[in-house]
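Colleague: The following file, protein.txt, comprises compact mmCIF, C-alpha atoms:
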```txt
# COMPACT_ATOMS: atom_id res chain seq x y z
CA MET A 12 -47.89 -9.77 27.48
CA GLU A 13 -46.49 -8.28 24.31
CA PHE A 14 -44.26 -5.38 25.33
CA TYR A 15 -41.88 -5.00 22.40
CA PRO A 16 -44.45 -3.97 19.72
CA LYS A 17 -45.93 -1.36 22.07
CA LEU A 18 -42.52 0.05 23.02
CA LYS A 19 -41.38 0.12 19.39
CA ALA A 20 -44.52 1.91 18.18
CA SER A 21 -44.31 4.44 20.99
CA ILE A 22 -40.61 5.34 20.55
CA GLU A 23 -41.11 5.65 16.78
CA GLU A 24 -44.03 8.05 17.32
CA ILE A 25 -42.02 10.17 19.79
CA PHE A 26 -39.06 10.51 17.43
CA ALA A 27 -41.27 11.25 14.42
CA THR A 28 -43.45 13.91 16.06
CA MET A 29 -41.22 15.67 18.60
CA ILE A 30 -37.54 14.93 17.97
CA PHE A 31 -37.43 14.80 14.16
CA LEU A 32 -34.57 12.28 13.97
CA ASP A 33 -34.77 9.14 11.81
CA LEU A 34 -34.92 6.11 14.08
CA THR A 35 -34.73 2.40 13.36
CA ALA A 36 -35.73 0.01 16.15
CA ALA A 37 -34.15 -3.48 15.98
CA GLU A 38 -35.32 -6.78 17.46
CA PRO A 39 -34.80 -7.40 21.22
CA LEU A 40 -31.40 -8.64 22.38
CA ALA A 41 -30.96 -12.33 23.12
CA ALA A 42 -30.22 -13.50 26.64
CA GLY A 43 -26.69 -12.85 27.83
CA THR A 44 -24.45 -10.04 28.98
CA GLU A 45 -23.63 -7.12 26.77
CA ASP A 46 -21.49 -4.08 27.40
CA LEU A 47 -23.70 -1.34 26.02
CA GLY A 48 -21.11 1.40 26.48
CA CYS A 49 -23.77 3.74 27.82
CA HIS A 50 -23.17 6.78 30.00
CA VAL A 51 -26.58 8.28 30.67
CA SER A 52 -29.84 6.58 31.58
CA ALA A 53 -33.36 7.90 32.05
CA MET A 54 -35.73 5.72 34.06
CA ILE A 55 -39.37 5.75 35.08
CA GLY A 56 -41.43 3.35 37.17
CA LEU A 57 -44.87 2.01 36.33
CA SER A 58 -47.17 0.35 38.84
CA GLY A 59 -50.67 -1.07 38.86
CA ASP A 60 -51.78 -4.32 37.25
CA PHE A 61 -48.07 -5.09 36.84
CA ASN A 62 -44.91 -3.35 38.04
CA ALA A 63 -42.19 -2.23 35.64
CA LEU A 64 -39.10 -0.12 35.28
CA LEU A 65 -38.55 1.49 31.90
CA GLY A 66 -35.06 2.71 31.03
CA ILE A 67 -33.42 4.51 28.12
CA HIS A 68 -29.65 3.95 28.03
CA CYS A 69 -27.45 6.15 25.82
CA PRO A 70 -23.79 6.67 25.08
CA ALA A 71 -22.97 10.32 25.75
CA LYS A 72 -22.73 11.17 22.04
CA VAL A 73 -26.20 9.76 21.34
CA GLY A 74 -27.74 11.40 24.40
CA LEU A 75 -26.34 14.75 23.31
CA ALA A 76 -27.67 14.31 19.76
CA ILE A 77 -31.16 13.49 21.04
CA GLY A 78 -31.17 16.34 23.57
CA SER A 79 -29.90 18.80 20.97
CA ALA A 80 -32.64 17.81 18.53
CA MET A 81 -35.36 18.07 21.16
CA LEU A 82 -34.26 21.47 22.43
CA GLY A 83 -33.26 22.94 19.07
CA MET A 84 -29.85 23.94 20.44
CA GLU A 85 -26.41 22.37 20.50
CA LEU A 86 -25.69 20.54 23.76
CA GLU A 87 -22.01 19.86 24.49
CA GLU A 88 -22.07 17.95 27.76
CA ILE A 89 -24.37 15.69 29.73
CA ASP A 90 -25.89 18.45 31.84
CA ASP A 91 -29.32 19.08 33.33
CA ASP A 92 -30.78 19.93 29.90
CA THR A 93 -29.66 16.60 28.42
CA LYS A 94 -30.92 14.65 31.43
CA ASP A 95 -34.24 16.50 31.37
CA ALA A 96 -34.71 15.78 27.65
CA LEU A 97 -34.05 12.05 28.10
CA GLY A 98 -36.29 11.98 31.18
CA GLU A 99 -39.12 13.45 29.10
CA ILE A 100 -38.65 10.77 26.44
CA SER A 101 -38.93 8.07 29.12
CA ASN A 102 -42.04 9.82 30.44
CA MET A 103 -43.69 9.92 27.01
CA LEU A 104 -42.67 6.33 26.30
CA ALA A 105 -44.17 5.15 29.59
CA GLY A 106 -47.29 7.18 28.81
CA GLY A 107 -47.58 5.42 25.47
CA ILE A 108 -47.30 2.04 27.20
CA LYS A 109 -49.90 3.06 29.77
CA GLU A 110 -52.35 4.18 27.09
CA SER A 111 -51.76 1.08 24.99
CA PHE A 112 -52.45 -1.25 27.92
CA ALA A 113 -55.47 0.79 29.01
CA GLY A 114 -57.11 -0.38 25.77
CA GLU A 115 -56.68 -3.96 27.05
CA ASN A 116 -58.12 -3.08 30.46
CA VAL A 117 -54.67 -3.22 32.09
CA ASN A 118 -54.33 -0.18 34.33
CA LEU A 119 -51.04 1.48 35.23
CA LEU A 120 -49.79 4.55 37.07
CA LEU A 121 -46.62 6.47 36.20
CA ALA A 122 -43.96 7.76 38.58
CA LEU A 123 -41.86 10.83 37.81
CA PRO A 124 -38.81 10.15 35.59
CA THR A 125 -35.25 10.29 36.88
CA THR A 126 -31.95 10.40 34.98
CA ILE A 127 -28.46 9.29 36.00
CA SER A 128 -25.10 9.52 34.28
CA GLY A 129 -21.86 7.68 34.92
CA LYS A 130 -19.27 5.40 33.35
CA SER A 131 -20.06 2.47 31.10
CA TYR A 132 -22.78 -0.04 32.06
CA LYS A 133 -23.08 -3.74 31.46
CA ILE A 134 -26.58 -5.10 31.00
CA ASN A 135 -27.21 -8.66 32.09
CA THR A 136 -30.19 -10.41 30.50
CA PRO A 137 -30.50 -13.88 32.02
CA SER A 138 -32.35 -16.50 30.03
CA GLY A 139 -36.05 -16.48 30.98
CA SER A 140 -35.92 -13.06 32.62
CA GLN A 141 -38.93 -10.78 32.41
CA ARG A 142 -37.00 -8.13 30.60
CA VAL A 143 -37.00 -6.72 27.07
CA ILE A 144 -34.00 -4.76 25.78
CA PHE A 145 -33.83 -3.57 22.20
CA PRO A 146 -31.49 -1.23 20.33
CA CYS A 147 -32.60 1.87 18.46
CA GLU A 148 -30.35 3.37 15.81
CA ILE A 149 -30.12 7.07 14.95
CA GLU A 150 -27.44 8.81 12.89
CA ALA A 151 -25.34 9.58 15.99
CA GLY A 152 -25.30 5.93 17.07
CA ARG A 153 -27.24 3.35 19.03
CA PHE A 154 -29.20 3.60 22.26
CA TYR A 155 -31.28 1.03 24.14
CA ILE A 156 -34.80 0.73 25.48
CA ASP A 157 -34.91 -1.49 28.57
CA PHE A 158 -38.21 -2.71 30.05
CA LYS A 159 -38.12 -4.89 33.16
CA TYR A 160 -41.45 -6.06 34.50
CA SER A 161 -42.99 -8.30 37.14
CA PRO A 162 -46.57 -9.38 37.80
CA ARG A 163 -48.27 -8.17 40.99
CA MET B 8 -53.35 41.95 19.53
CA GLY B 9 -51.35 38.88 20.55
CA LYS B 10 -52.38 36.75 23.49
CA THR B 11 -50.40 35.72 26.56
CA VAL B 12 -49.99 32.01 27.29
CA LEU B 13 -48.65 30.31 30.40
CA ILE B 14 -46.89 26.95 29.98
CA VAL B 15 -46.75 24.84 33.16
CA ASP B 16 -44.42 21.83 33.12
CA ASP B 17 -41.67 20.62 35.46
CA SER B 18 -39.53 19.80 32.41
CA ASN B 19 -37.58 22.71 30.95
CA THR B 20 -37.27 20.67 27.75
CA MET B 21 -41.01 20.26 27.45
CA ARG B 22 -41.66 23.95 28.08
CA LYS B 23 -39.30 24.77 25.20
CA ILE B 24 -40.95 22.17 22.94
CA VAL B 25 -44.42 23.53 23.70
CA SER B 26 -43.19 27.09 23.01
CA ARG B 27 -41.77 25.95 19.67
CA ALA B 28 -44.98 24.10 18.80
CA LEU B 29 -47.05 27.22 19.53
CA ARG B 30 -44.91 29.25 17.15
CA GLN B 31 -45.10 26.50 14.50
CA ALA B 32 -48.88 26.30 14.96
CA GLY B 33 -49.06 29.92 13.86
CA ILE B 34 -50.99 31.12 16.90
CA ASP B 35 -50.30 34.79 17.60
CA PHE B 36 -48.95 34.91 21.16
CA SER B 37 -47.32 38.16 22.20
CA GLU B 38 -45.90 36.66 25.37
CA ILE B 39 -45.12 33.14 26.55
CA LEU B 40 -44.77 32.76 30.33
CA GLU B 41 -43.49 29.64 32.09
CA ALA B 42 -43.96 27.90 35.44
CA SER B 43 -42.47 24.63 36.67
CA ASP B 44 -45.36 23.44 38.87
CA GLY B 45 -48.90 24.31 39.89
CA GLN B 46 -47.94 26.62 42.74
CA GLU B 47 -45.59 28.61 40.53
CA ALA B 48 -48.41 28.83 37.95
CA LEU B 49 -50.77 30.31 40.55
CA ASP B 50 -48.08 32.88 41.42
CA VAL B 51 -47.68 33.83 37.73
CA LEU B 52 -51.45 34.15 37.27
CA ALA B 53 -51.66 36.42 40.31
CA LYS B 54 -49.16 38.85 38.76
CA ASN B 55 -49.93 38.71 35.01
CA LYS B 56 -52.86 38.92 32.63
CA VAL B 57 -52.90 35.48 30.98
CA ASP B 58 -55.30 34.43 28.20
CA ILE B 59 -54.77 30.66 28.32
CA VAL B 60 -52.81 28.08 30.34
CA LEU B 61 -51.25 24.87 29.02
CA SER B 62 -50.48 22.56 31.94
CA ASP B 63 -48.85 19.21 32.53
CA ILE B 64 -50.54 16.87 35.02
CA ASN B 65 -47.70 14.91 36.69
CA MET B 66 -45.57 17.51 38.45
CA PRO B 67 -43.85 17.66 41.84
CA ASN B 68 -44.99 20.12 44.56
CA MET B 69 -48.42 20.79 43.03
CA THR B 70 -49.85 18.60 40.28
CA GLY B 71 -51.93 19.79 37.36
CA LEU B 72 -55.14 18.56 38.99
CA GLU B 73 -54.29 20.31 42.27
CA PHE B 74 -53.57 23.46 40.27
CA LEU B 75 -56.98 23.27 38.58
CA LYS B 76 -58.69 22.88 41.97
CA ALA B 77 -56.84 25.85 43.50
CA LYS B 78 -57.53 27.98 40.40
CA ALA B 79 -61.25 27.15 40.47
CA GLU B 80 -61.42 28.43 44.04
CA ASN B 81 -59.89 31.80 43.13
CA ALA B 82 -62.51 34.13 41.60
CA ALA B 83 -59.87 36.36 40.01
CA ILE B 84 -58.44 33.60 37.81
CA LYS B 85 -61.06 30.85 37.68
CA ASP B 86 -62.28 31.76 34.17
CA ILE B 87 -58.88 31.56 32.46
CA PRO B 88 -59.07 28.50 30.18
CA VAL B 89 -56.69 25.62 30.87
CA VAL B 90 -55.69 22.86 28.44
CA MET B 91 -53.84 19.86 29.83
CA ILE B 92 -50.73 18.71 27.93
CA SER B 93 -49.61 15.40 29.36
CA THR B 94 -48.67 11.78 28.86
CA GLU B 95 -51.63 11.17 31.19
CA THR B 96 -54.62 11.35 28.88
CA GLY B 97 -56.61 8.35 30.07
CA ALA B 98 -60.37 8.92 30.32
CA ASP B 99 -60.31 8.79 34.13
CA ILE B 100 -57.73 11.55 34.53
CA ILE B 101 -59.16 13.72 31.77
CA ASP B 102 -62.64 13.39 33.28
CA GLN B 103 -61.19 14.57 36.60
CA ALA B 104 -59.44 17.48 34.88
CA LYS B 105 -62.59 18.52 33.02
CA ALA B 106 -64.64 18.30 36.22
CA LEU B 107 -62.13 20.74 37.70
CA GLY B 108 -62.52 23.12 34.75
CA ALA B 109 -60.01 22.01 32.09
CA LYS B 110 -61.20 22.87 28.58
CA GLY B 111 -59.30 20.18 26.70
CA ALA B 112 -56.32 17.84 26.63
CA VAL B 113 -53.38 17.21 24.32
CA LYS B 114 -51.42 13.97 24.57
CA LYS B 115 -47.62 14.00 24.52
CA PRO B 116 -46.12 13.43 22.00
CA PHE B 117 -48.04 16.01 19.98
CA THR B 118 -47.78 17.93 16.71
CA PRO B 119 -48.21 21.70 16.21
CA ASP B 120 -51.39 20.93 14.24
CA LEU B 121 -52.91 19.20 17.25
CA ILE B 122 -52.02 22.19 19.45
CA ASN B 123 -53.66 24.50 16.91
CA GLU B 124 -56.84 22.38 16.71
CA THR B 125 -57.19 22.29 20.50
CA LEU B 126 -56.28 25.88 21.35
CA GLY B 127 -57.79 27.65 18.35
CA PRO B 128 -61.43 27.51 19.48
CA LEU B 129 -60.49 28.75 22.96
CA LEU B 130 -58.78 31.98 21.83
```
What's the structure tokens form of this structure?

Modeller:
Amino acid sequence: MEFYPKLKASIEEIFATMIFLDLTAAEPLAAGTEDLGCHVSAMIGLSGDFNALLGIHCPAKVGLAIGSAMLGMELEEIDDDTKDALGEISNMLAGGIKESFAGENVNLLLALPTTISGKSYKINTPSGSQRVIFPCEIEAGRFYIDFKYSPR
Amino acid sequence: MGKTVLIVDDSNTMRKIVSRALRQAGIDFSEILEASDGQEALDVLAKNKVDIVLSDINMPNMTGLEFLKAKAENAAIKDIPVVMISTETGADIIDQAKALGAKGAVKKPFTPDLINETLGPLL
């Protein structure tokens, strides 16, 4: 299954229509371990014809820039507003994936999004894993889209 | 005279975005009310005169579809038009929503123009 083009198209549409920040999505990361330096993550589960966990991982500065743009107000800390904004992006991104696959007769259901914050994360991408991680660049810095999937 | 709209979404961010989109769409709303789930929306409708409801589908406590069902069973509010605003806009879910009385659906992400096109004929 081709996940990256669907994820890329969906995140670009979200940023163009509802966040109004210029975004450039890069190619997926190669296998290996990378310290992403991220402090806040929004996640949402998908189930149905395959199971998946979609995550958006941001450094605090990037999360605040995205949340501020979405809400039209300056956010200064990773609070409930920032987490809610990132959770909604994960929700819309998962919705875009669901709709895209529905056109191929692949049916999915969405869970409710959840957001966590903490210290820095390391993302491990073993060779051959069923996982796609790709960076997205905005003016405030880089964040990551992480899609881990498994067949039923 | 401006209309009153009720926005139902469990996300505070999305309620603010929908409010902003309504203003940008140029629709004359005198009051914008908010609720964070279907049950809260029923409570708001019981206490206020509302001209149109914009509701999410996936919400905790009471979903958008459960809200539509409960609203349809209440004679005092059953005729208030509801438009779904959701990431869930597959034909199956929208058919269910329309069978329960929804007048239309807007997919997230959306533009103010799309909001205007969908709501305009209902006001």

Colleague: Kindly assemble as JSON lines a list of the segment 75-138 of chain A residues that lie within 12 Å of segment 55-70 of chain B, each paired with its nearest atom pair and their distance in Å to one decimal, using all atoms listed in the file, sorted first by chain and then by ascending residue number.

Modeller:
```
{"residue": "A:Glu99", "atom": "CA", "partner": "B:Asn65", "partner_atom": "CA", "distance": 11.5}
{"residue": "A:Asn102", "atom": "CA", "partner": "B:Asn65", "partner_atom": "CA", "distance": 9.8}
{"residue": "A:Met103", "atom": "CA", "partner": "B:Asn65", "partner_atom": "CA", "distance": 11.6}
{"residue": "A:Gly106", "atom": "CA", "partner": "B:Asn65", "partner_atom": "CA", "distance": 11.0}
{"residue": "A:Leu120", "atom": "CA", "partner": "B:Asn65", "partner_atom": "CA", "distance": 10.6}
{"residue": "A:Leu121", "atom": "CA", "partner": "B:Asn65", "partner_atom": "CA", "distance": 8.5}
{"residue": "A:Ala122", "atom": "CA", "partner": "B:Asn65", "partner_atom": "CA", "distance": 8.3}
{"residue": "A:Leu123", "atom": "CA", "partner": "B:Asn65", "partner_atom": "CA", "distance": 7.2}
{"residue": "A:Pro124", "atom": "CA", "partner": "B:Asn65", "partner_atom": "CA", "distance": 10.1}
```

Colleague: For chain B, list the residues within 7 Å of chain A, counting only C-alpha atoms, and write the list as a PDB file with C-alpha atoms, keeping the file's coordinate frame.

Modeller:
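File part30.pdb, as written:
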```pdb
ATOM      1  CA  SER B  18     -39.530  19.800  32.410  1.00  0.00           C
ATOM      2  CA  THR B  20     -37.270  20.670  27.750  1.00  0.00           C
ATOM      3  CA  LYS B  23     -39.300  24.770  25.200  1.00  0.00           C
ATOM      4  CA  ILE B  24     -40.950  22.170  22.940  1.00  0.00           C
ATOM      5  CA  THR B  94     -48.670  11.780  28.860  1.00  0.00           C
ATOM      6  CA  GLU B  95     -51.630  11.170  31.190  1.00  0.00           C
ATOM      7  CA  GLY B  97     -56.610   8.350  30.070  1.00  0.00           C
ATOM      8  CA  LYS B 115     -47.620  14.000  24.520  1.00  0.00           C
ATOM      9  CA  PRO B 116     -46.120  13.430  22.000  1.00  0.00           C
ATOM     10  CA  PHE B 117     -48.040  16.010  19.980  1.00  0.00           C
ATOM     11  CA  THR B 118     -47.780  17.930  16.710  1.00  0.00           C
TER      12      THR B 118
END
```

Colleague: Please measure the separation of atom CA of Ala77 of chain B and atom CA of Glu124 of chain B, giving the value in Å to one decimal.

Modeller: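 If I compute the distance from atom CA of Ala77 of chain B to atom CA of Glu124 of chain B, I get 27.0 Å.
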
Colleague: Between B:Val90, B:Leu13, B:Ser37, B:Ile101, which residue has the minimum interatomic distance to Lys54 of chain B, considering only C-alpha atoms?

Modeller: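 Closest to Lys54 of chain B, using only C-alpha atoms: B:Leu13.
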
Colleague: For a test of reading the model, state the distance in Å between atom CA of Gly56 of chain A and atom CA of Ser43 of chain B, rounded to one decimal.

Modeller: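 Separating atom CA of Gly56 of chain A from atom CA of Ser43 of chain B is a distance of 21.3 Å.
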
Colleague: Within 8 Å of Pro162 of chain A, counting all atoms listed in the file, which residues show up once you throw out same-chain ones fewer than 4 positions away? Write them as a PyMOL selection string, please.

Modeller: chain A and resi 60-62

Colleague: In Å to one decimal, how far is atom CA of Ile77 of chain A from atom CA of Glu41 of chain B?

Modeller: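 Value for the atom CA of Glu41 of chain B-atom CA of Ile77 of chain A distance: 23.1 Å.
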
Colleague: For Glu13 of chain A, which of A:Gly129, A:Ile144, A:Ala80, A:Phe112 is the closest residue, counting all atoms listed in the file?

Modeller: A:Phe112

Colleague: Fewer than 3 positions away in the same chain doesn't count, so skip those; otherwise give me all residues within 8 Å of Val113 of chain B, counting all atoms listed in the file, as JSON, numbers by chain.

Modeller: {"B": [90, 91, 92, 93, 96, 117, 121, 122, 125]}

Colleague: Env of Arg142 of chain A: 8 Å cut, atoms = all atoms listed in the file, seq-sep filter 3 positions within chain, self excluded. Answer as a ChimeraX atom specification.

Modeller: /A:136,157-160

Colleague: Just write the chosen residues, C-alpha atoms, as a compact mmCIF listing (two decimals), in the frame of the given file.

Modeller:
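Final output, out.txt:
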```
# COMPACT_ATOMS: atom_id res chain seq x y z
CA THR A 136 -30.19 -10.41 30.50
CA ASP A 157 -34.91 -1.49 28.57
CA PHE A 158 -38.21 -2.71 30.05
CA LYS A 159 -38.12 -4.89 33.16
CA TYR A 160 -41.45 -6.06 34.50
```

Colleague: Tell me which residues come within 7 Å of (-61.3, 21.1, 37.2), as a PyMOL selection string, counting only C-alpha atoms in the file's coordinates.

Modeller: chain B and resi 72+75-76+79+103-109
